[in-house]
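Participant: Below you'll find run.cif; it's mmCIF, C-alpha atoms.
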```cif
data_query
#
loop_
_atom_site.label_atom_id
_atom_site.label_comp_id
_atom_site.auth_asym_id
_atom_site.auth_seq_id
_atom_site.Cartn_x
_atom_site.Cartn_y
_atom_site.Cartn_z
CA LEU A 165 7.12 -16.74 3.28
CA GLY A 166 3.89 -18.44 4.25
CA MET A 167 2.29 -18.54 0.81
CA ASP A 168 1.15 -21.50 -1.24
CA PRO A 169 2.22 -20.82 -4.85
CA GLU A 170 0.07 -23.62 -6.28
CA SER A 171 -3.15 -22.14 -4.89
CA TYR A 172 -2.26 -18.72 -6.33
CA MET A 173 -1.56 -20.35 -9.70
CA GLU A 174 -4.85 -22.28 -9.61
CA LYS A 175 -6.69 -18.98 -9.02
CA GLU A 176 -4.64 -17.39 -11.85
CA LEU A 177 -3.13 -14.90 -9.39
CA LEU A 178 0.43 -16.11 -10.03
CA TYR A 179 2.08 -16.85 -13.37
CA VAL A 180 5.50 -18.50 -13.59
CA ILE A 181 7.95 -18.50 -16.48
CA ASP A 182 10.49 -21.13 -15.41
CA ALA A 183 13.76 -20.65 -17.27
CA ILE A 184 16.07 -22.46 -14.87
CA SER A 185 14.59 -25.99 -14.76
CA SER A 186 15.77 -26.52 -18.33
CA ILE A 187 19.32 -26.76 -16.95
CA SER A 188 18.73 -27.85 -13.35
CA GLY A 189 16.22 -30.64 -13.75
CA PRO A 190 12.86 -31.54 -15.22
CA ALA A 191 10.35 -28.72 -15.54
CA ALA A 192 6.75 -29.14 -14.49
CA ASP A 193 4.07 -29.60 -17.12
CA GLU A 194 3.05 -26.37 -18.81
CA GLY A 195 -0.37 -25.00 -17.99
CA SER A 196 -2.29 -21.75 -18.19
CA THR A 197 -0.12 -20.16 -15.48
CA TYR A 198 3.15 -22.11 -15.78
CA PHE A 199 5.43 -21.70 -18.79
CA SER A 200 8.69 -23.56 -19.32
CA SER A 201 11.53 -21.75 -21.07
CA SER A 202 15.34 -21.66 -21.05
CA VAL A 203 17.92 -19.24 -19.67
CA HIS A 204 19.65 -19.68 -23.03
CA ASN A 205 16.65 -18.23 -24.89
CA PRO A 206 15.66 -14.71 -23.70
CA THR A 207 13.48 -14.28 -26.81
CA ASP A 208 11.30 -17.22 -25.74
CA ILE A 209 11.10 -15.82 -22.21
CA MET A 210 9.86 -12.48 -23.61
CA VAL A 211 7.28 -14.22 -25.84
CA LYS A 212 5.92 -16.12 -22.84
CA LEU A 213 5.94 -12.90 -20.81
CA GLY A 214 3.70 -11.37 -23.50
CA VAL A 215 1.25 -14.28 -23.22
CA ALA A 216 1.19 -14.01 -19.43
CA ILE A 217 0.66 -10.23 -19.55
CA ARG A 218 -2.31 -10.65 -21.91
CA ASN A 219 -3.86 -13.23 -19.58
CA ILE A 220 -3.30 -11.04 -16.52
CA THR A 221 -4.51 -7.77 -18.04
CA ASN A 222 -7.72 -9.42 -19.21
CA ARG A 223 -8.61 -9.78 -15.52
CA TYR A 224 -6.64 -7.12 -13.63
CA THR A 225 -5.64 -3.51 -14.20
CA MET A 226 -2.66 -3.63 -11.83
CA PHE A 227 -0.10 -6.37 -11.24
CA ARG A 228 3.50 -7.03 -10.25
CA SER A 229 6.06 -8.96 -12.24
CA VAL A 230 9.19 -10.35 -10.59
CA LEU A 231 12.27 -11.29 -12.60
CA ASP A 232 14.37 -13.45 -10.27
CA SER A 233 17.18 -13.28 -11.15
CA LEU A 234 18.77 -11.07 -13.76
CA THR A 235 22.08 -12.49 -12.52
CA THR A 236 21.15 -15.93 -13.89
CA LEU A 237 20.28 -14.51 -17.31
CA MET A 238 23.60 -12.62 -17.34
CA ALA A 239 25.51 -15.82 -16.57
CA PHE A 240 24.13 -17.61 -19.64
CA ASN A 241 23.88 -14.79 -22.18
CA ASP A 242 25.73 -11.78 -23.54
CA GLU A 243 25.47 -8.98 -20.96
CA MET A 244 24.47 -6.34 -23.53
CA LEU A 245 21.70 -8.61 -24.81
CA ILE A 246 20.35 -8.87 -21.27
CA VAL A 247 20.48 -5.06 -20.84
CA ARG A 248 18.26 -4.83 -23.95
CA VAL A 249 15.99 -7.62 -22.66
CA LEU A 250 15.66 -5.86 -19.29
CA THR A 251 14.75 -2.59 -21.01
CA ALA A 252 12.07 -4.35 -23.09
CA TYR A 253 10.83 -6.29 -20.03
CA ILE A 254 10.37 -3.15 -17.93
CA MET A 255 8.73 -1.29 -20.83
CA ARG A 256 6.23 -4.12 -21.46
CA ILE A 257 5.29 -4.38 -17.79
CA LYS A 258 4.84 -0.59 -17.43
CA GLU A 259 2.81 -0.30 -20.65
CA ALA A 260 0.46 -3.00 -19.33
CA GLY A 261 -0.04 -1.15 -16.02
CA GLY A 262 2.26 -3.33 -13.95
CA THR A 263 5.22 -2.86 -11.67
CA ALA A 264 8.44 -4.70 -12.48
CA VAL A 265 10.63 -6.01 -9.67
CA VAL A 266 14.06 -7.35 -10.64
CA THR A 267 16.60 -9.11 -8.44
CA TYR A 268 20.29 -8.92 -9.24
CA THR A 269 23.53 -9.75 -7.42
CA GLU A 270 25.73 -6.67 -7.56
CA GLY A 271 29.23 -7.32 -8.86
CA SER A 272 28.27 -10.20 -11.14
CA ALA A 273 28.58 -8.14 -14.34
CA ASP A 274 31.03 -5.66 -15.78
CA PRO A 275 30.83 -2.30 -13.89
CA LYS A 276 29.85 -0.47 -17.11
CA VAL A 277 26.99 -2.93 -17.62
CA GLU A 278 25.87 -2.42 -14.01
CA THR A 279 25.77 1.34 -14.62
CA MET A 280 23.52 0.70 -17.64
CA LEU A 281 21.28 -1.60 -15.58
CA LYS A 282 20.89 1.08 -12.91
CA ALA A 283 19.95 3.62 -15.59
CA VAL A 284 17.11 1.38 -16.81
CA VAL A 285 15.33 0.92 -13.48
CA ASP A 286 13.28 3.42 -11.45
CA ASN A 287 14.33 2.38 -7.95
CA ILE A 288 17.29 0.57 -6.43
CA ILE A 289 17.11 -1.17 -3.06
CA HIS A 290 20.15 -3.05 -1.72
CA LEU A 291 19.81 -5.94 0.73
CA ASP A 292 23.21 -6.98 2.09
CA GLY A 293 22.18 -9.59 4.65
CA SER A 294 21.61 -7.22 7.54
CA GLU A 295 20.98 -3.74 6.16
CA LEU A 296 18.44 -2.54 3.60
CA THR A 297 19.52 0.60 1.71
CA VAL A 298 17.33 2.64 -0.60
CA GLU A 299 19.95 3.87 -3.07
CA ALA A 300 17.69 5.46 -5.65
CA MET A 301 13.98 6.16 -5.36
CA VAL A 302 12.04 9.17 -6.60
CA GLY A 303 11.43 11.60 -3.75
CA THR A 304 13.68 9.73 -1.33
CA GLY A 305 17.27 10.34 -0.43
CA ARG A 306 19.63 7.52 0.47
CA VAL A 307 18.17 5.74 3.51
CA SER A 308 19.43 2.66 5.36
CA ALA A 309 17.93 0.48 8.09
CA PRO A 310 18.51 -2.98 9.53
CA TYR A 311 16.11 -5.70 8.40
CA THR A 312 15.18 -9.31 9.02
CA ILE A 313 13.51 -11.92 6.84
CA ASP A 314 11.17 -14.49 8.38
CA ASP A 315 8.02 -16.44 7.46
CA SER A 316 6.09 -13.15 7.32
CA GLY A 317 8.45 -11.54 4.82
CA ILE A 318 10.95 -8.69 5.05
CA LYS A 319 10.70 -6.60 8.21
CA VAL A 320 12.53 -3.29 8.55
CA VAL A 321 13.77 -2.84 12.10
CA HIS A 322 12.92 0.66 13.32
CA GLU A 323 15.53 1.98 15.68
CA GLY A 324 14.78 4.53 18.29
#
```
Represent the structure from my file as structure tokens, please.

Facilitator:
Amino acid sequence: LGMDPESYMEKELLYVIDAISSISGPAADEGSTYFSSSVHNPTDIMVKLGVAIRNITNRYTMFRSVLDSLTTLMAFNDEMLIVRVLTAYIMRIKEAGGTAVVTYTEGSADPKVETMLKAVVDNIIHLDGSELTVEAMVGTGRVSAPYTIDDSGIKVVHEG
């Protein structure tokens, strides 16, 4: 998407908690903005999130946190544990003045668990490969539009 993650990390504008390299290959060396963890250890991920939040809120009053992907955490842990972790994650981010963004592949958990996940979040936006649908957002009814993704990011295609 045309961004250089390393330069953002050097400027302390991007913090990474890498939980997947522990199973997919060697993780990079830890630093002030890069933390290595494990998908098998959500408690460690949350501890490192707390450290990152403290570092960020010392410098900024607003920030975004992206959890990509909840699906991966669900694959390696008890689904109910991850519902509790997601609830704590969102609460910590909100309390610190941030906005939490979570990605998830619909259909990868039990339908009852998915209902619980949807109850925890404020907004739900579906991307199905060609159409973006706002399913749940305060003050907005269900809205759909075609979209594309390119080097500039996500672009909603306005028809008409």

Participant: What does the PyMOL selection byres ((chain A and resi 218) around 12) select in this file, as an MDAnalysis selection string?

Facilitator: chainID A and resid 179 196:197 211:217 219:225 227 256:257 259:262

Participant: Next, dump the selected residues to file, keeping only C-alpha atoms, as a PDB file, in the frame of the given file.

Facilitator:
```
ATOM      1  CA  TYR A 179       2.080 -16.850 -13.370  1.00  0.00           C
ATOM      2  CA  SER A 196      -2.290 -21.750 -18.190  1.00  0.00           C
ATOM      3  CA  THR A 197      -0.120 -20.160 -15.480  1.00  0.00           C
ATOM      4  CA  VAL A 211       7.280 -14.220 -25.840  1.00  0.00           C
ATOM      5  CA  LYS A 212       5.920 -16.120 -22.840  1.00  0.00           C
ATOM      6  CA  LEU A 213       5.940 -12.900 -20.810  1.00  0.00           C
ATOM      7  CA  GLY A 214       3.700 -11.370 -23.500  1.00  0.00           C
ATOM      8  CA  VAL A 215       1.250 -14.280 -23.220  1.00  0.00           C
ATOM      9  CA  ALA A 216       1.190 -14.010 -19.430  1.00  0.00           C
ATOM     10  CA  ILE A 217       0.660 -10.230 -19.550  1.00  0.00           C
ATOM     11  CA  ASN A 219      -3.860 -13.230 -19.580  1.00  0.00           C
ATOM     12  CA  ILE A 220      -3.300 -11.040 -16.520  1.00  0.00           C
ATOM     13  CA  THR A 221      -4.510  -7.770 -18.040  1.00  0.00           C
ATOM     14  CA  ASN A 222      -7.720  -9.420 -19.210  1.00  0.00           C
ATOM     15  CA  ARG A 223      -8.610  -9.780 -15.520  1.00  0.00           C
ATOM     16  CA  TYR A 224      -6.640  -7.120 -13.630  1.00  0.00           C
ATOM     17  CA  THR A 225      -5.640  -3.510 -14.200  1.00  0.00           C
ATOM     18  CA  PHE A 227      -0.100  -6.370 -11.240  1.00  0.00           C
ATOM     19  CA  ARG A 256       6.230  -4.120 -21.460  1.00  0.00           C
ATOM     20  CA  ILE A 257       5.290  -4.380 -17.790  1.00  0.00           C
ATOM     21  CA  GLU A 259       2.810  -0.300 -20.650  1.00  0.00           C
ATOM     22  CA  ALA A 260       0.460  -3.000 -19.330  1.00  0.00           C
ATOM     23  CA  GLY A 261      -0.040  -1.150 -16.020  1.00  0.00           C
ATOM     24  CA  GLY A 262       2.260  -3.330 -13.950  1.00  0.00           C
TER      25      GLY A 262
END
```

Participant: From the options A:Arg248, A:Lys258, A:Arg306, A:Lys175, which residue's atoms come nearest to Ile288 (chain A), counting only C-alpha atoms?

Facilitator: A:Arg306

Participant: Which polymer residues have any atom within 7 Å of an atom of region 269-286 of chain A, counting all atoms listed in the file, with same-chain residues fewer than 3 positions away left out, as a list in words?

Facilitator: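 The neighbour list is Thr235, Val247, Thr251 and Met301 of chain A.
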
Participant: Restricting it to C-alpha atoms, dump the selection as a tab-separated table (two decimals), in the frame of the given file.

Facilitator:
```tsv
chain	number	residue	atom	x	y	z
A	235	THR	CA	22.08	-12.49	-12.52
A	247	VAL	CA	20.48	-5.06	-20.84
A	251	THR	CA	14.75	-2.59	-21.01
A	301	MET	CA	13.98	6.16	-5.36
```

Participant: Pick out the closest residue to Ile289 (chain A) from this set: A:Gly303, A:Val230, A:Ser308, A:Glu176. Count all atoms listed in the file.

Facilitator: A:Ser308

Participant: Given the PyMOL selection byres ((chain A and resi 200) around 6) and the file above, list the residues it selects as a PyMOL selection string.

Facilitator: chain A and resi 181-182+199+201

Participant: Tell me, in Å to one decimal, how far CA of Leu245 (chain A) is from CA of Asp208 (chain A).

Facilitator: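 Separation between CA of Leu245 (chain A) and CA of Asp208 (chain A): 13.5 Å.
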
Participant: Considering only C-alpha atoms, state which residue in the set A:Gly195, A:Pro190, A:Gly293, A:Gly305 is at the smallest distance from Leu178 (chain A).

Facilitator: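 That would be A:Gly195, the residue with the smallest distance to Leu178 (chain A).
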
Participant: Measuring atom to atom with all atoms listed in the file, identify which of A:Gly317, A:Pro310, A:Pro206, A:Gly189 is nearest to Val249 (chain A).

Facilitator: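 So, comparing all the options, the nearest one is A:Pro206.
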
Participant: How big is the axis-aligned box, and where does its centre sit, when it encloses all atoms of region 291-309 of chain A listed in the file and has 3 Å added on every side, reported in Å to one decimal as AutoDock Vina command-line options?

Facilitator:
```
--center_x 17.3 --center_y 1.0 --center_z 0.7 --size_x 17.8 --size_y 27.2 --size_z 20.7
```

Participant: Translate the PyMOL selection byres ((chain A and resi 312) around 12) into a concrete residue list for this structure, as a PDB file with C-alpha atoms, in the coordinates of the input.

Facilitator:
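Wrote expr38.pdb, looks like this:
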```
ATOM      1  CA  LEU A 291      19.810  -5.940   0.730  1.00  0.00           C
ATOM      2  CA  ASP A 292      23.210  -6.980   2.090  1.00  0.00           C
ATOM      3  CA  GLY A 293      22.180  -9.590   4.650  1.00  0.00           C
ATOM      4  CA  SER A 294      21.610  -7.220   7.540  1.00  0.00           C
ATOM      5  CA  GLU A 295      20.980  -3.740   6.160  1.00  0.00           C
ATOM      6  CA  LEU A 296      18.440  -2.540   3.600  1.00  0.00           C
ATOM      7  CA  ALA A 309      17.930   0.480   8.090  1.00  0.00           C
ATOM      8  CA  PRO A 310      18.510  -2.980   9.530  1.00  0.00           C
ATOM      9  CA  TYR A 311      16.110  -5.700   8.400  1.00  0.00           C
ATOM     10  CA  ILE A 313      13.510 -11.920   6.840  1.00  0.00           C
ATOM     11  CA  ASP A 314      11.170 -14.490   8.380  1.00  0.00           C
ATOM     12  CA  ASP A 315       8.020 -16.440   7.460  1.00  0.00           C
ATOM     13  CA  SER A 316       6.090 -13.150   7.320  1.00  0.00           C
ATOM     14  CA  GLY A 317       8.450 -11.540   4.820  1.00  0.00           C
ATOM     15  CA  ILE A 318      10.950  -8.690   5.050  1.00  0.00           C
ATOM     16  CA  LYS A 319      10.700  -6.600   8.210  1.00  0.00           C
ATOM     17  CA  VAL A 320      12.530  -3.290   8.550  1.00  0.00           C
ATOM     18  CA  VAL A 321      13.770  -2.840  12.100  1.00  0.00           C
ATOM     19  CA  HIS A 322      12.920   0.660  13.320  1.00  0.00           C
TER      20      HIS A 322
END
```

Participant: Could you check the closest approach to Tyr253 (chain A) for each of A:Met238, A:Val266, A:Val180, A:Glu299 and tell me which residue wins, using only C-alpha atoms?

Facilitator: A:Val266
